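Content type mmCIF, C-alpha atoms, from the file coords38.cif:
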data_upload
loop_
_atom_site.label_atom_id
_atom_site.label_comp_id
_atom_site.auth_asym_id
_atom_site.auth_seq_id
_atom_site.Cartn_x
_atom_site.Cartn_y
_atom_site.Cartn_z
CA MET A 1 13.86 -78.03 36.59
CA PRO A 2 11.67 -74.91 36.35
CA LEU A 3 8.36 -75.69 34.69
CA ARG A 4 5.39 -73.78 33.48
CA ARG A 5 2.44 -73.27 35.76
CA PHE A 6 -0.43 -75.74 35.66
CA ALA A 7 -4.10 -74.86 35.76
CA PRO A 8 -7.22 -76.97 35.18
CA VAL A 9 -8.39 -77.80 31.68
CA VAL A 10 -10.93 -74.97 31.85
CA SER A 11 -7.97 -72.55 31.68
CA PRO A 12 -6.25 -73.57 28.42
CA ASN A 13 -3.50 -70.93 28.77
CA PHE A 14 -1.29 -73.22 30.85
CA ASP A 15 0.44 -76.58 30.49
CA ASP A 16 -1.32 -79.87 31.04
CA ASN A 17 1.31 -81.01 33.54
CA SER A 18 2.06 -79.54 36.91
CA TRP A 19 5.45 -79.54 38.58
CA ARG A 20 4.33 -82.50 40.71
CA THR A 21 3.21 -84.59 37.74
CA VAL A 22 6.58 -84.11 36.07
CA ALA A 23 8.64 -84.73 39.22
CA GLN A 24 6.63 -87.68 40.57
CA PRO A 25 8.16 -90.45 38.37
CA TYR A 26 11.58 -89.58 39.82
CA ILE A 27 10.27 -89.48 43.39
CA LYS A 28 8.18 -92.67 43.03
CA SER A 29 5.57 -91.67 45.60
CA THR A 30 2.65 -89.28 45.69
CA GLN A 31 2.67 -89.31 49.52
CA VAL A 32 5.73 -87.06 49.67
CA PHE A 33 3.52 -84.31 48.19
CA SER A 34 1.12 -84.49 51.15
CA CYS A 35 2.07 -82.91 54.48
CA PRO A 36 0.73 -85.00 57.40
CA SER A 37 0.30 -81.81 59.50
CA ASN A 38 -1.87 -80.06 56.90
CA PRO A 39 -5.59 -80.34 57.82
CA ASP A 40 -6.49 -80.10 54.10
CA ASN A 41 -4.19 -82.91 52.98
CA GLY A 42 -7.19 -85.09 52.07
CA LYS A 43 -8.64 -82.58 49.60
CA ILE A 44 -7.78 -82.68 45.91
CA THR A 45 -6.13 -79.92 43.88
CA TYR A 46 -6.45 -78.85 40.27
CA ASP A 47 -3.86 -81.56 39.76
CA PRO A 48 -6.27 -84.31 40.94
CA GLU A 49 -3.77 -87.11 41.54
CA PHE A 50 -2.22 -85.01 44.33
CA ASN A 51 -3.84 -83.65 47.47
CA ARG A 52 -3.40 -80.18 48.95
CA SER A 53 -0.18 -79.35 50.73
CA TYR A 54 2.27 -77.62 48.39
CA ALA A 55 2.28 -75.05 45.60
CA GLY A 56 4.92 -73.60 43.31
CA ASN A 57 6.09 -69.96 43.45
CA CYS A 58 4.77 -68.17 40.36
CA ASN A 59 4.89 -64.36 40.20
CA TRP A 60 5.09 -61.73 37.50
CA VAL A 61 5.34 -57.99 36.93
CA ASN A 62 2.90 -55.88 34.94
CA ARG A 63 4.20 -56.23 31.38
CA ASP A 64 2.95 -52.72 30.51
CA THR A 65 4.26 -50.77 33.50
CA GLY A 66 6.87 -53.00 35.17
CA GLU A 67 4.92 -52.67 38.44
CA VAL A 68 5.02 -55.63 40.83
CA GLY A 69 1.95 -56.86 42.64
CA SER A 70 -0.60 -55.12 40.45
CA PRO A 71 -3.98 -56.84 40.90
CA SER A 72 -4.86 -56.04 37.29
CA ALA A 73 -1.49 -57.10 35.84
CA PRO A 74 -2.02 -58.87 32.53
CA GLN A 75 -0.55 -62.33 32.02
CA PRO A 76 3.14 -62.17 31.11
CA THR A 77 4.14 -62.53 27.48
CA THR A 78 7.89 -63.03 27.96
CA ALA A 79 10.07 -64.60 30.64
CA GLU A 80 11.46 -61.14 31.53
CA HIS A 81 8.07 -60.31 33.07
CA GLU A 82 8.12 -63.37 35.30
CA THR A 83 9.68 -63.06 38.74
CA GLY A 84 9.01 -66.37 40.52
CA PHE A 85 10.44 -69.86 40.09
CA PHE A 86 7.77 -71.20 37.76
CA GLY A 87 7.17 -69.57 34.39
CA GLN A 88 3.85 -69.05 32.64
CA VAL A 89 5.06 -68.12 29.18
CA SER A 90 7.74 -70.75 28.73
CA PRO A 91 9.97 -72.86 30.94
CA LEU A 92 12.58 -70.72 32.64
CA LYS A 93 16.22 -71.53 32.02
CA LEU A 94 18.78 -72.19 34.74
CA ALA A 95 20.74 -69.11 33.64
CA GLN A 96 17.74 -66.95 34.61
CA PHE A 97 18.30 -67.79 38.30
CA ASP A 98 21.05 -65.60 39.76
CA SER A 99 20.73 -66.90 43.33
CA PRO A 100 18.93 -70.27 43.46
CA ALA A 101 19.65 -70.56 47.18
CA GLN A 102 17.63 -67.36 47.71
CA LEU A 103 14.55 -68.19 45.63
CA ILE A 104 11.53 -70.07 46.94
CA ALA A 105 10.43 -72.76 44.51
CA VAL A 106 7.67 -74.45 46.54
CA THR A 107 5.70 -73.40 49.61
CA GLU A 108 3.00 -74.95 51.79
CA ILE A 109 -0.65 -74.21 51.04
CA TRP A 110 -4.14 -75.06 52.25
CA HIS A 111 -7.78 -73.93 51.77
CA VAL A 112 -7.44 -73.72 47.96
CA PRO A 113 -6.82 -76.32 45.20
CA TYR A 114 -4.13 -74.26 43.46
CA VAL A 115 -0.84 -75.78 42.37
CA THR A 116 0.94 -72.41 42.26
CA VAL A 117 1.06 -69.36 44.52
CA ILE A 118 1.12 -65.79 43.21
CA ILE A 119 2.12 -64.06 46.42
CA ASP A 120 1.36 -60.59 45.05
CA ARG A 121 -2.25 -61.40 44.16
CA ASN A 122 -3.84 -61.00 47.59
CA ASP A 123 -6.91 -59.47 45.93
CA LEU A 124 -8.29 -62.81 44.73
CA SER A 125 -10.99 -64.93 46.36
CA PHE A 126 -11.92 -68.60 46.21
CA ASP A 127 -15.10 -70.45 47.24
CA ASP A 128 -14.08 -73.69 48.96
CA THR A 129 -17.54 -74.40 50.43
CA PRO A 130 -18.22 -77.31 48.01
CA SER A 131 -15.38 -79.27 49.64
CA GLY A 132 -16.29 -78.28 53.19
CA GLY A 133 -14.17 -75.13 53.41
CA GLN A 134 -15.05 -71.45 53.42
CA ASN A 135 -15.43 -68.70 50.88
CA TRP A 136 -11.95 -67.17 51.15
CA SER A 137 -11.03 -63.59 50.35
CA ASN A 138 -7.41 -62.35 50.41
CA VAL A 139 -6.82 -65.81 49.06
CA TYR A 140 -3.05 -66.18 49.26
CA GLY A 141 -2.79 -64.73 52.75
CA ASN A 142 -5.36 -67.27 53.87
CA ALA A 143 -3.92 -70.07 51.73
CA LEU A 144 -0.30 -70.04 52.93
CA PHE A 145 0.04 -72.79 55.53
CA ALA A 146 2.19 -72.02 58.56
CA GLY A 147 1.19 -74.87 60.83
CA HIS A 148 4.55 -76.08 62.08
CA MET A 149 4.88 -74.08 65.30
CA GLY A 150 4.22 -70.91 63.28
CA THR A 151 6.48 -71.79 60.37
CA SER A 152 6.16 -73.10 56.82
CA ASN A 153 8.61 -75.33 55.01
CA TYR A 154 10.04 -73.71 51.88
CA LEU A 155 11.81 -75.63 49.11
CA PHE A 156 14.39 -73.40 47.42
CA ALA A 157 15.52 -73.48 43.80
CA ASP A 158 18.86 -75.05 44.76
CA GLY A 159 17.07 -77.97 46.46
CA HIS A 160 17.45 -77.09 50.16
CA VAL A 161 14.44 -76.81 52.47
CA LYS A 162 14.11 -74.34 55.32
CA ALA A 163 11.40 -73.75 57.92
CA MET A 164 10.59 -70.04 58.26
CA ARG A 165 7.82 -67.76 59.45
CA PRO A 166 6.04 -66.13 56.47
CA LEU A 167 7.43 -62.61 57.06
CA GLN A 168 10.97 -63.98 57.37
CA THR A 169 10.83 -64.70 53.62
CA ILE A 170 11.10 -60.96 52.93
CA GLN A 171 13.48 -59.88 55.69
CA GLY A 172 16.68 -58.68 54.07
CA THR A 173 16.24 -60.32 50.67
CA ASN A 174 12.84 -60.97 49.09
CA LEU A 175 12.94 -64.75 48.56
CA TRP A 176 9.84 -64.76 46.31
CA TYR A 177 11.32 -62.92 43.29
CA ARG A 178 14.23 -64.07 41.15
CA SER A 179 15.55 -60.52 41.18
CA GLY A 180 15.33 -60.12 44.97
CA ALA A 181 13.51 -56.80 44.41
CA PRO A 182 11.34 -55.56 47.30
CA ILE A 183 8.00 -57.30 47.55
CA SER A 184 4.78 -55.48 46.67
CA ALA A 185 2.43 -54.11 49.33
CA GLY A 186 -0.07 -56.86 48.44
CA GLY A 187 2.57 -59.53 48.88
CA ARG A 188 3.59 -58.11 52.26
CA ASP A 189 -0.07 -58.07 53.34
CA ALA A 190 -0.52 -61.71 52.26
CA LEU A 191 2.52 -62.79 54.27
CA ALA A 192 1.43 -60.76 57.31
CA LEU A 193 -2.01 -62.40 57.22
CA ALA A 194 -0.45 -65.86 56.89
CA GLN A 195 1.81 -65.16 59.86
CA GLN A 196 -1.14 -63.86 61.89
CA LYS A 197 -2.99 -67.13 61.22
CA ALA A 198 0.03 -69.33 61.92
CA PHE A 199 -0.22 -72.04 64.58
#

Whole structure, structure tokens version:
Amino acid sequence: MPLRRFAPVVSPNFDDNSWRTVAQPYIKSTQVFSCPSNPDNGKITYDPEFNRSYAGNCNWVNRDTGEVGSPSAPQPTTAEHETGFFGQVSPLKLAQFDSPAQLIAVTEIWHVPYVTVIIDRNDLSFDDTPSGGQNWSNVYGNALFAGHMGTSNYLFADGHVKAMRPLQTIQGTNLWYRSGAPISAGGRDALALAQQKAF
């Protein structure tokens, strides 16, 4: 079920529940949300009952210009401005997903405590030094985890999981946007950086 994005209490624009909090009672274990191969799997997220390993796909277009990947894009005000799996304005309806088998819902993440990924926002930075990390720039390129022989595991909106290299997610069809529209330059840069850092 598509859910709204979660952020910490200091950002009151978002829901109080993340996708993991809502799904966990059905899964019955918090351990499934922690990848044993992820070096950051012992660090908490903004959703403190779960450690770092996975984040939901949340993207949007500039509501004023329709441009994708704009670093200064204002928060969306309607679902038509949202392009990822998770909505920020309101929960997205099943009918808004034309090709669930070609839309990433959840990806692997490290270095940051986020519960969602905005692949187009490669202009952001995050200081992880308080938890023993680094001060990261190009945050999503550095935060995408590709530590399974160079691949990440991606959960798709239809429920299947596939291991892929970061740049494979935009070959042919862009698997980050519901519309399948071409990814932004910032999104491509983030994926290229993640693939460069893969191991």

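Of the listed residues A:Ala190, A:Ile118, A:Leu167, A:Val112, the one whose atoms come nearest to Gly133 of chain A is A:Val112, with distances taken using only C-alpha atoms.
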
Around the point (8.7, -60.2, 51.6) (coordinates from the file), which residues reach within 10 Å if we count all atoms listed in the file? Answer as a PyMOL selection string.
chain A and resi 119-120+166-177+180-192

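For the file at hand, the PyMOL selection byres ((chain A and resi 53) around 8) resolves to A:Phe33, A:Ser34, A:Cys35, A:Asn38, A:Asp40, A:Asn41, A:Asn51, A:Arg52, A:Tyr54, A:Ala55, A:Glu108, A:Ile109, A:Trp110.
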
Of A:Lys43, A:Arg63, A:Lys28, A:Arg121, the one sitting nearest Asn142 of chain A when using only C-alpha atoms is A:Arg121

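In this structure, atom CA of Glu82 of chain A sits 27.8 Å away from atom CA of Val32 of chain A.
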
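If you measure from each of A:Pro130, A:Gly159, A:Gly147, A:Gly141 to Ile104 of chain A using only C-alpha atoms, the closest one turns out to be A:Gly159.
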
Around the point (18.0, -69.6, 38.0), in the coordinates given by the file, pick out the residues reaching within 9 Å, counting all atoms listed in the file, and return them as a PyMOL selection string.
chain A and resi 2+85+92-100+103+157-158+178

Give me a file of those residues, with C-alpha atoms, as a PDB file, in the frame of the given file.
ATOM      1  CA  PRO A   2      11.670 -74.910  36.350  1.00  0.00           C
ATOM      2  CA  PHE A  85      10.440 -69.860  40.090  1.00  0.00           C
ATOM      3  CA  LEU A  92      12.580 -70.720  32.640  1.00  0.00           C
ATOM      4  CA  LYS A  93      16.220 -71.530  32.020  1.00  0.00           C
ATOM      5  CA  LEU A  94      18.780 -72.190  34.740  1.00  0.00           C
ATOM      6  CA  ALA A  95      20.740 -69.110  33.640  1.00  0.00           C
ATOM      7  CA  GLN A  96      17.740 -66.950  34.610  1.00  0.00           C
ATOM      8  CA  PHE A  97      18.300 -67.790  38.300  1.00  0.00           C
ATOM      9  CA  ASP A  98      21.050 -65.600  39.760  1.00  0.00           C
ATOM     10  CA  SER A  99      20.730 -66.900  43.330  1.00  0.00           C
ATOM     11  CA  PRO A 100      18.930 -70.270  43.460  1.00  0.00           C
ATOM     12  CA  LEU A 103      14.550 -68.190  45.630  1.00  0.00           C
ATOM     13  CA  ALA A 157      15.520 -73.480  43.800  1.00  0.00           C
ATOM     14  CA  ASP A 158      18.860 -75.050  44.760  1.00  0.00           C
ATOM     15  CA  ARG A 178      14.230 -64.070  41.150  1.00  0.00           C
TER      16      ARG A 178
END

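Atom CA of Lys197 of chain A lies 22.6 Å from atom CA of Asn59 of chain A.
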
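Counting from atom CA of Met149 of chain A, the distance to atom CA of Arg20 of chain A is 26.0 Å.
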
Selected residue, from A:Phe145, A:Tyr154, A:Phe126, A:Trp60, that lies nearest to Ser179 of chain A when counting all atoms listed in the file
A:Trp60

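Using all atoms listed in the file, the smallest distance between any of A:Gln196, A:Ser37, A:Thr83, A:Asn135 and Cys58 of chain A comes from A:Thr83.
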
Calculate, to one decimal in Å, the centre and edge lengths of the box along x, y and z of the file that holds all listed atoms of segment 112-120 of chain A with 5 Å of margin on each side, and present them as lines of an AutoDock Vina configuration file.
center_x = -2.7
center_y = -68.5
center_z = 45.1
size_x = 19.6
size_y = 25.7
size_z = 15.7

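Taking all atoms listed in the file into account, Asp47 of chain A lies nearest to A:Thr21 out of the set A:Thr21, A:Gln102, A:Thr77, A:Gln195.
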
Could I see segment 34-50 of chain A restored to N, CA and C atoms, set down as a PDB file, in the frame of the given file?
ATOM      1  N   SER A  34       2.200 -84.714  50.202  1.00  0.00           N
ATOM      2  CA  SER A  34       1.120 -84.490  51.150  1.00  0.00           C
ATOM      3  C   SER A  34       1.702 -84.343  52.554  1.00  0.00           C
ATOM      4  N   CYS A  35       1.548 -83.161  53.132  1.00  0.00           N
ATOM      5  CA  CYS A  35       2.070 -82.910  54.480  1.00  0.00           C
ATOM      6  C   CYS A  35       1.128 -83.501  55.515  1.00  0.00           C
ATOM      7  N   PRO A  36       1.610 -84.386  56.403  1.00  0.00           N
ATOM      8  CA  PRO A  36       0.730 -85.000  57.400  1.00  0.00           C
ATOM      9  C   PRO A  36       0.162 -83.994  58.408  1.00  0.00           C
ATOM     10  N   SER A  37       0.785 -82.826  58.551  1.00  0.00           N
ATOM     11  CA  SER A  37       0.300 -81.810  59.500  1.00  0.00           C
ATOM     12  C   SER A  37      -0.755 -80.892  58.892  1.00  0.00           C
ATOM     13  N   ASN A  38      -0.947 -80.966  57.585  1.00  0.00           N
ATOM     14  CA  ASN A  38      -1.870 -80.060  56.900  1.00  0.00           C
ATOM     15  C   ASN A  38      -3.297 -80.594  57.013  1.00  0.00           C
ATOM     16  N   PRO A  39      -4.212 -79.855  57.665  1.00  0.00           N
ATOM     17  CA  PRO A  39      -5.590 -80.340  57.820  1.00  0.00           C
ATOM     18  C   PRO A  39      -6.319 -80.560  56.495  1.00  0.00           C
ATOM     19  N   ASP A  40      -5.850 -79.948  55.405  1.00  0.00           N
ATOM     20  CA  ASP A  40      -6.490 -80.100  54.100  1.00  0.00           C
ATOM     21  C   ASP A  40      -5.826 -81.166  53.230  1.00  0.00           C
ATOM     22  N   ASN A  41      -4.955 -81.976  53.803  1.00  0.00           N
ATOM     23  CA  ASN A  41      -4.190 -82.910  52.980  1.00  0.00           C
ATOM     24  C   ASN A  41      -5.022 -84.035  52.374  1.00  0.00           C
ATOM     25  N   GLY A  42      -6.307 -84.110  52.698  1.00  0.00           N
ATOM     26  CA  GLY A  42      -7.190 -85.090  52.070  1.00  0.00           C
ATOM     27  C   GLY A  42      -7.997 -84.526  50.919  1.00  0.00           C
ATOM     28  N   LYS A  43      -7.881 -83.224  50.668  1.00  0.00           N
ATOM     29  CA  LYS A  43      -8.640 -82.580  49.600  1.00  0.00           C
ATOM     30  C   LYS A  43      -7.812 -82.518  48.316  1.00  0.00           C
ATOM     31  N   ILE A  44      -8.490 -82.675  47.188  1.00  0.00           N
ATOM     32  CA  ILE A  44      -7.780 -82.680  45.910  1.00  0.00           C
ATOM     33  C   ILE A  44      -7.423 -81.260  45.464  1.00  0.00           C
ATOM     34  N   THR A  45      -6.536 -81.190  44.487  1.00  0.00           N
ATOM     35  CA  THR A  45      -6.130 -79.920  43.880  1.00  0.00           C
ATOM     36  C   THR A  45      -6.571 -79.922  42.427  1.00  0.00           C
ATOM     37  N   TYR A  46      -6.205 -78.884  41.706  1.00  0.00           N
ATOM     38  CA  TYR A  46      -6.450 -78.850  40.270  1.00  0.00           C
ATOM     39  C   TYR A  46      -5.616 -79.896  39.545  1.00  0.00           C
ATOM     40  N   ASP A  47      -4.715 -80.483  40.238  1.00  0.00           N
ATOM     41  CA  ASP A  47      -3.860 -81.560  39.760  1.00  0.00           C
ATOM     42  C   ASP A  47      -4.366 -82.795  40.522  1.00  0.00           C
ATOM     43  N   PRO A  48      -5.475 -83.437  40.078  1.00  0.00           N
ATOM     44  CA  PRO A  48      -6.270 -84.310  40.940  1.00  0.00           C
ATOM     45  C   PRO A  48      -5.583 -85.547  41.495  1.00  0.00           C
ATOM     46  N   GLU A  49      -4.441 -85.942  40.959  1.00  0.00           N
ATOM     47  CA  GLU A  49      -3.770 -87.110  41.540  1.00  0.00           C
ATOM     48  C   GLU A  49      -3.009 -86.759  42.816  1.00  0.00           C
ATOM     49  N   PHE A  50      -2.938 -85.467  43.141  1.00  0.00           N
ATOM     50  CA  PHE A  50      -2.220 -85.010  44.330  1.00  0.00           C
ATOM     51  C   PHE A  50      -3.152 -84.206  45.218  1.00  0.00           C
TER      52      PHE A  50
END
